[in-house]
Amino acid sequence: MKTINLILGNHNHQPVGNFDFVFESTYQKAYKPFLDILTKYKDIKFNFHYTGCLLEWIEKHHPEHIEALKKLADDNRIELQSGGFYEPIMPSIPDKDKDIQIKRLNEYIEDKFNLTPKGAWIAERVWEPTLVKNLAKNGIKYIMLDDSQFLTTGIDTKSIFGYFITDDESYKLNIFPISQELRYLIPFRDVEKSIEYLKSIATEEGNRVVVLHDDGEKYGDWPGTQKWVYEDKWLEKFFEALTKEKDTIITTTYSEYMERHAPVSKIYIPTGSYEEMLTWVLPAETQYEFHKKQEELKKDENNEIITRFMRGGFWRNYFYKYSESNRMNKRMIFTSNLIGEITESNYKEKEIALNYLLKGQCNCPYWHGTFGGLYLNNLRHETYANLIKATTISLEKVYGRKHFLSHNMDFDMDGRDEVMISSESADFILHSLSGSIIEWDIKKENPINLIDCLKRRKEAYHIAAMKNADTNNNGNEHVSIHEIAKKVDEKIAKYLVFDKNEKVFGVDHFLNKMPTAEEFQLLKYEENASFYEEYYNILENLINKDYATVSFEKTSKVNDKDIHLIKRYVINNDGTFSLDVIMENKSNEDTEFIYALENNITLLAGQEKDRYYIGGDERISNNLSDIGEYTGTSFAMADEGYIKINVMIESSEETTFLYMPNYTISDAVDKLEMNYQNSTIVCCKKISLKAGEKIKYKIKASVKDI
C-alpha cells in the first residue's frame, strides 16, 4: 500500500508594535477557530510555532488558548517549535543576541508547556549557513526551509521528500524542505487537489515526507479566507479528508518522523529565503522584469532545470534598498554593543535594557514586500522606542552621567563618519548628506524618534499596478496574497511621486521661485542646485557640559554661481537646538534664489484630530493631513493625544512655512493603499546675494511637553 508522511505546521506571529485590535482580530479570525477545529480531529498530528511576542499577548488576553495548546501537547497531538523570541531576522543581529533570543523562547516553551523544543522556525526563512552553530548549541535539532532553497544545490528532485543534515564548525542540524506546491494549494484550492497531490507522491516504501509549514494567518485573516476557510468549511473538509485517508496520508510531527527515518543525505544550502522574499529585495525595475521573465519561463515545463536555479537577491540588501531600514539596523547594533559595556554590577538595569533591545530586533519593520513592514510607521516607531529606551539606560550605566556625549563614527556604515550627540533629554545623529539630522530621539516615558520618516520610492508593484487595469485575478476568487492583481486607485494616483532626497531634517534646496505647498509635495518645483544630494564636510564638532556644536560646509553651484554654505548646529542640553545657515556668494555676480530648508518630522497619526499645525499662536489645521502655508516667525506641530508634545520651529526673520503630509502608496496584501508617514515643513526664504556677500539665516527647534 502506498503511503506518504505529511507534516503540517502553522507559523503564528504578530509584530512588536502592532495595534492591540489587530492582535485581537487575528486571534478571533485565525488562531482561535483553527485550534478549535483541529482539537476535534484526534487522528491529525500538527506542529505550531508561535513567536514569543504573540505568546505573551495570548497569555495575557486569552490564557485558555495556552491551556488548549498545552493539553494537545500533553496528549502528544502537537509539537511546538522554538526560534527567536521576538522573531528577528537571525543573520541581521549580533551572535550573542541570537543565542539570547533562542534561549528565551526555549525557556518560555519549557515553562508554559512542560516540553523541551527540538525544532526552530527561521524568521522569513532567511538562511545563512553560519546559523547552524547558534541553533545547535542552543539545543535545536531541526529547522524547516523552503524547498526552492534546496533545489538551488542541484539536488535530485526525487530526493526532496525527506530531511537533510548540514554542519558548521562541528555543529550539525537537520533541515526539512517546505513544499512550495502545498504552500500554493493550501488553503487556496479545493481540498481534493491537495489530496490528489499527496497521493501522487506516495510510495510503497512509505518513507517519504512532505512539509507544509506556513503562516497561520492564511487560515482566516488573509483576504477572502475567513469565508472560504470557515464559513464554507474548507478547513473542516480538509481535516475530514485527511482523517478518511489516514492510512495513506500519515500526519506526523518532525520529531516523530526523525525517530523513524534517517536523513536523506548531507547538504549545504546557500544563503537565501523563500522565492518571493528574494524577489522583493531587488530594485524596482529589476524586480519587475525579473519576476515577469521568471513567470514566463515557468509556463513551459521544459524550463524547469533553468527556473529552479533562478533566484532573486540577498536579504541583507534591504539595507541597501532602504536607507531607513539600514539606519534602524545600525542603531540596533550600536545599542547592542553599548549594552555589552554595562558591568555585571548593574545586572538589573542591563536586563531591562536587553529586553528593550530584543524587542527592537523584531524583523517586520526592517523589510518590505507584500506586507506593509517598513511602510508601517507604527512598527518603526515601536522599534525606535525600544532602542531609545535601551540606549538611555545603557548610556547612564556605562558613562555614569547625563551630560553631553559625542561620537564621531561611521554609524550607518556608508564609508563616511556621522556625528552622534547625546544630551540629557534628547539624542541626535547628524549626517554629512546635505548636512542633515537623520535621528532626533526624544527621551520621554513614551520616547519617539521625530525623524523616523520614509522616502517615497518607486516599487515593482507600482509598475505592475499600472499594467493591471483590466485584470481580475484570473477569475479565481481564492488566491494567495502573492497572486492578487492590484491596481492604483484614481483617487490616490496623483500622490504616486518619488522623492529625490532623504526625508530627514535640514535638507537644503535652492529654487528659482517660491513653490506652493502642493507643488513641493508633488515635486513640481524647479531645483537649481544639487546641495540636497551632496555630501558636506564636517567642519567642527565641539562639546562641553552645556552644549555641543557641529558644523558642515559645502561649496556648489546655484544658477552657475559658486555658493559656499556653512550649517552650524548648536545643540543644548535641554534638547533644543539652533541651526545657523551661512550663505556666501563666491562669484563675481549678484544672484537671487529661494532657499528652502526641508524638515521632515513624524508624530505618527496624520488623521487624528489631536494632532495639528500651529502658526504663531493659533491652530491652523484640522489634523496633520492638511496642506497649506503660513508666513511668520514660528510654526509648530502639536500632539495632544499620544506623545503629548509641541515640536516648534522658530526663524530669525519672517519665513514662509509650507506644511504638507508625506504620503506613501504601498502594497497592503489585497490592495495598494495610501498612508501618512510624516509631515514635511519647508522654511522658505527669498535670498539676494551680491557678489562676495555673506548672510546668515537662523532657525531654532524645540520640543515642549503639553
# chains A, B, ... in the order shown; residues from 1 in each chain; ligands from 1
$ select_by_dssp --residues "stretch 158-404 of chain A" --states "alpha helix (DSSP H)" --output "number ranges by chain"
A: 180-185, 191-200, 225, 234-244, 254-260, 275-280, 284-298, 304-307, 318-321, 323-339, 347-359, 377-399
$ residues_around --residues "A:Phe150" --least-positions-apart "2" --cutoff "9 Å" --atoms "only C-alpha atoms" --output "ChimeraX atom specification"
/A:145-148,152-155,160,177,267-270
$ write_last_selection --atoms "N, CA, C and O atoms" --output "PDB file, in the first residue's frame"
ATOM      1  N   LEU A 145      13.047  24.933   5.902  1.00  0.00           N
ATOM      2  CA  LEU A 145      13.266  25.991   4.916  1.00  0.00           C
ATOM      3  C   LEU A 145      12.502  25.650   3.649  1.00  0.00           C
ATOM      4  O   LEU A 145      12.127  24.494   3.436  1.00  0.00           O
ATOM      5  N   ASP A 146      12.301  26.622   2.777  1.00  0.00           N
ATOM      6  CA  ASP A 146      11.572  26.374   1.541  1.00  0.00           C
ATOM      7  C   ASP A 146      12.308  25.393   0.638  1.00  0.00           C
ATOM      8  O   ASP A 146      13.547  25.428   0.558  1.00  0.00           O
ATOM      9  N   ASP A 147      11.546  24.563  -0.074  1.00  0.00           N
ATOM     10  CA  ASP A 147      12.178  23.588  -0.963  1.00  0.00           C
ATOM     11  C   ASP A 147      12.962  24.258  -2.083  1.00  0.00           C
ATOM     12  O   ASP A 147      13.932  23.701  -2.597  1.00  0.00           O
ATOM     13  N   SER A 148      12.574  25.484  -2.454  1.00  0.00           N
ATOM     14  CA  SER A 148      13.315  26.188  -3.503  1.00  0.00           C
ATOM     15  C   SER A 148      14.757  26.444  -3.076  1.00  0.00           C
ATOM     16  O   SER A 148      15.665  26.502  -3.928  1.00  0.00           O
ATOM     17  N   THR A 152      18.341  24.832  -5.286  1.00  0.00           N
ATOM     18  CA  THR A 152      19.481  25.570  -5.822  1.00  0.00           C
ATOM     19  C   THR A 152      20.804  24.845  -5.590  1.00  0.00           C
ATOM     20  O   THR A 152      21.839  25.252  -6.128  1.00  0.00           O
ATOM     21  N   THR A 153      20.795  23.764  -4.814  1.00  0.00           N
ATOM     22  CA  THR A 153      22.014  22.971  -4.626  1.00  0.00           C
ATOM     23  C   THR A 153      22.217  21.980  -5.764  1.00  0.00           C
ATOM     24  O   THR A 153      23.273  21.352  -5.860  1.00  0.00           O
ATOM     25  N   GLY A 154      21.182  21.811  -6.621  1.00  0.00           N
ATOM     26  CA  GLY A 154      21.269  20.836  -7.707  1.00  0.00           C
ATOM     27  C   GLY A 154      20.795  19.458  -7.314  1.00  0.00           C
ATOM     28  O   GLY A 154      20.950  18.490  -8.071  1.00  0.00           O
ATOM     29  N   ILE A 155      20.192  19.340  -6.143  1.00  0.00           N
ATOM     30  CA  ILE A 155      19.723  18.055  -5.643  1.00  0.00           C
ATOM     31  C   ILE A 155      18.706  17.423  -6.593  1.00  0.00           C
ATOM     32  O   ILE A 155      17.947  18.130  -7.259  1.00  0.00           O
ATOM     33  N   ILE A 160      13.742  15.125  -2.704  1.00  0.00           N
ATOM     34  CA  ILE A 160      13.325  16.264  -1.897  1.00  0.00           C
ATOM     35  C   ILE A 160      12.342  15.875  -0.802  1.00  0.00           C
ATOM     36  O   ILE A 160      12.071  16.648   0.111  1.00  0.00           O
ATOM     37  N   PRO A 177      12.566  20.402   3.983  1.00  0.00           N
ATOM     38  CA  PRO A 177      12.089  21.313   2.938  1.00  0.00           C
ATOM     39  C   PRO A 177      10.581  21.546   3.034  1.00  0.00           C
ATOM     40  O   PRO A 177       9.803  20.604   3.169  1.00  0.00           O
ATOM     41  N   ILE A 267      23.787  18.062   3.172  1.00  0.00           N
ATOM     42  CA  ILE A 267      23.513  19.146   2.232  1.00  0.00           C
ATOM     43  C   ILE A 267      24.051  20.451   2.794  1.00  0.00           C
ATOM     44  O   ILE A 267      24.132  20.625   4.017  1.00  0.00           O
ATOM     45  N   TYR A 268      24.446  21.353   1.908  1.00  0.00           N
ATOM     46  CA  TYR A 268      24.864  22.689   2.307  1.00  0.00           C
ATOM     47  C   TYR A 268      24.045  23.684   1.487  1.00  0.00           C
ATOM     48  O   TYR A 268      24.236  23.816   0.276  1.00  0.00           O
ATOM     49  N   ILE A 269      23.131  24.355   2.164  1.00  0.00           N
ATOM     50  CA  ILE A 269      22.184  25.233   1.484  1.00  0.00           C
ATOM     51  C   ILE A 269      22.746  26.655   1.433  1.00  0.00           C
ATOM     52  O   ILE A 269      23.181  27.190   2.461  1.00  0.00           O
ATOM     53  N   PRO A 270      22.739  27.280   0.258  1.00  0.00           N
ATOM     54  CA  PRO A 270      23.255  28.653   0.145  1.00  0.00           C
ATOM     55  C   PRO A 270      22.405  29.647   0.929  1.00  0.00           C
ATOM     56  O   PRO A 270      21.289  29.333   1.356  1.00  0.00           O
TER      57      PRO A 270
END
$ select_by_dssp --residues "stretch 282-465 of chain A" --states "strand (DSSP E or B)" --output "PyMOL selection string"
chain A and resi 405-409+418-422+426-431+433+436-442+448-449
$ residues_around --residues "stretch 51-58 of chain A" --least-positions-apart "5" --cutoff "6 Å" --atoms "only C-alpha atoms" --output "number ranges by chain"
A: 13-14, 85-86
$ closest_residue --among "A:Tyr50, A:Leu151, A:Met637, A:Phe19" --to "A:Phe309" --atoms "only C-alpha atoms"
A:Leu151
$ closest_atom_pairs --of "stretch 642-700 of chain A" --to "stretch 356-377 of chain A" --cutoff "12 Å" --atoms "only C-alpha atoms" --output "tab-separated table"
residue	atom	partner	partner_atom	distance
A:Asn662	CA	A:Asn377	CA	11.9
A:Tyr663	CA	A:Tyr375	CA	10.3
A:Thr664	CA	A:Tyr375	CA	7.8
A:Ile665	CA	A:Tyr375	CA	8.9
A:Ser666	CA	A:Tyr375	CA	7.1
A:Asp667	CA	A:Thr370	CA	5.6
A:Ala668	CA	A:Phe371	CA	5.4
A:Val669	CA	A:Thr370	CA	5.5
A:Asp670	CA	A:Thr370	CA	8.7
A:Lys671	CA	A:Thr370	CA	9.6
A:Leu672	CA	A:Thr370	CA	9.9
A:Glu673	CA	A:Gly372	CA	9.8
A:Met674	CA	A:Tyr375	CA	10.2
A:Asn675	CA	A:Leu376	CA	8.2
A:Tyr676	CA	A:Asn377	CA	8.5
A:Gln677	CA	A:Asn377	CA	6.3
A:Asn678	CA	A:Asn377	CA	8.7
$ closest_residue --among "A:Leu542, A:Val682, A:Ile563, A:Ile438" --to "A:Asn528" --atoms "only C-alpha atoms"
A:Ile563
$ closest_residue --among "A:Asn537, A:Asn355, A:Thr307, A:Gln607" --to "A:Asp417" --atoms "only C-alpha atoms"
A:Asn537
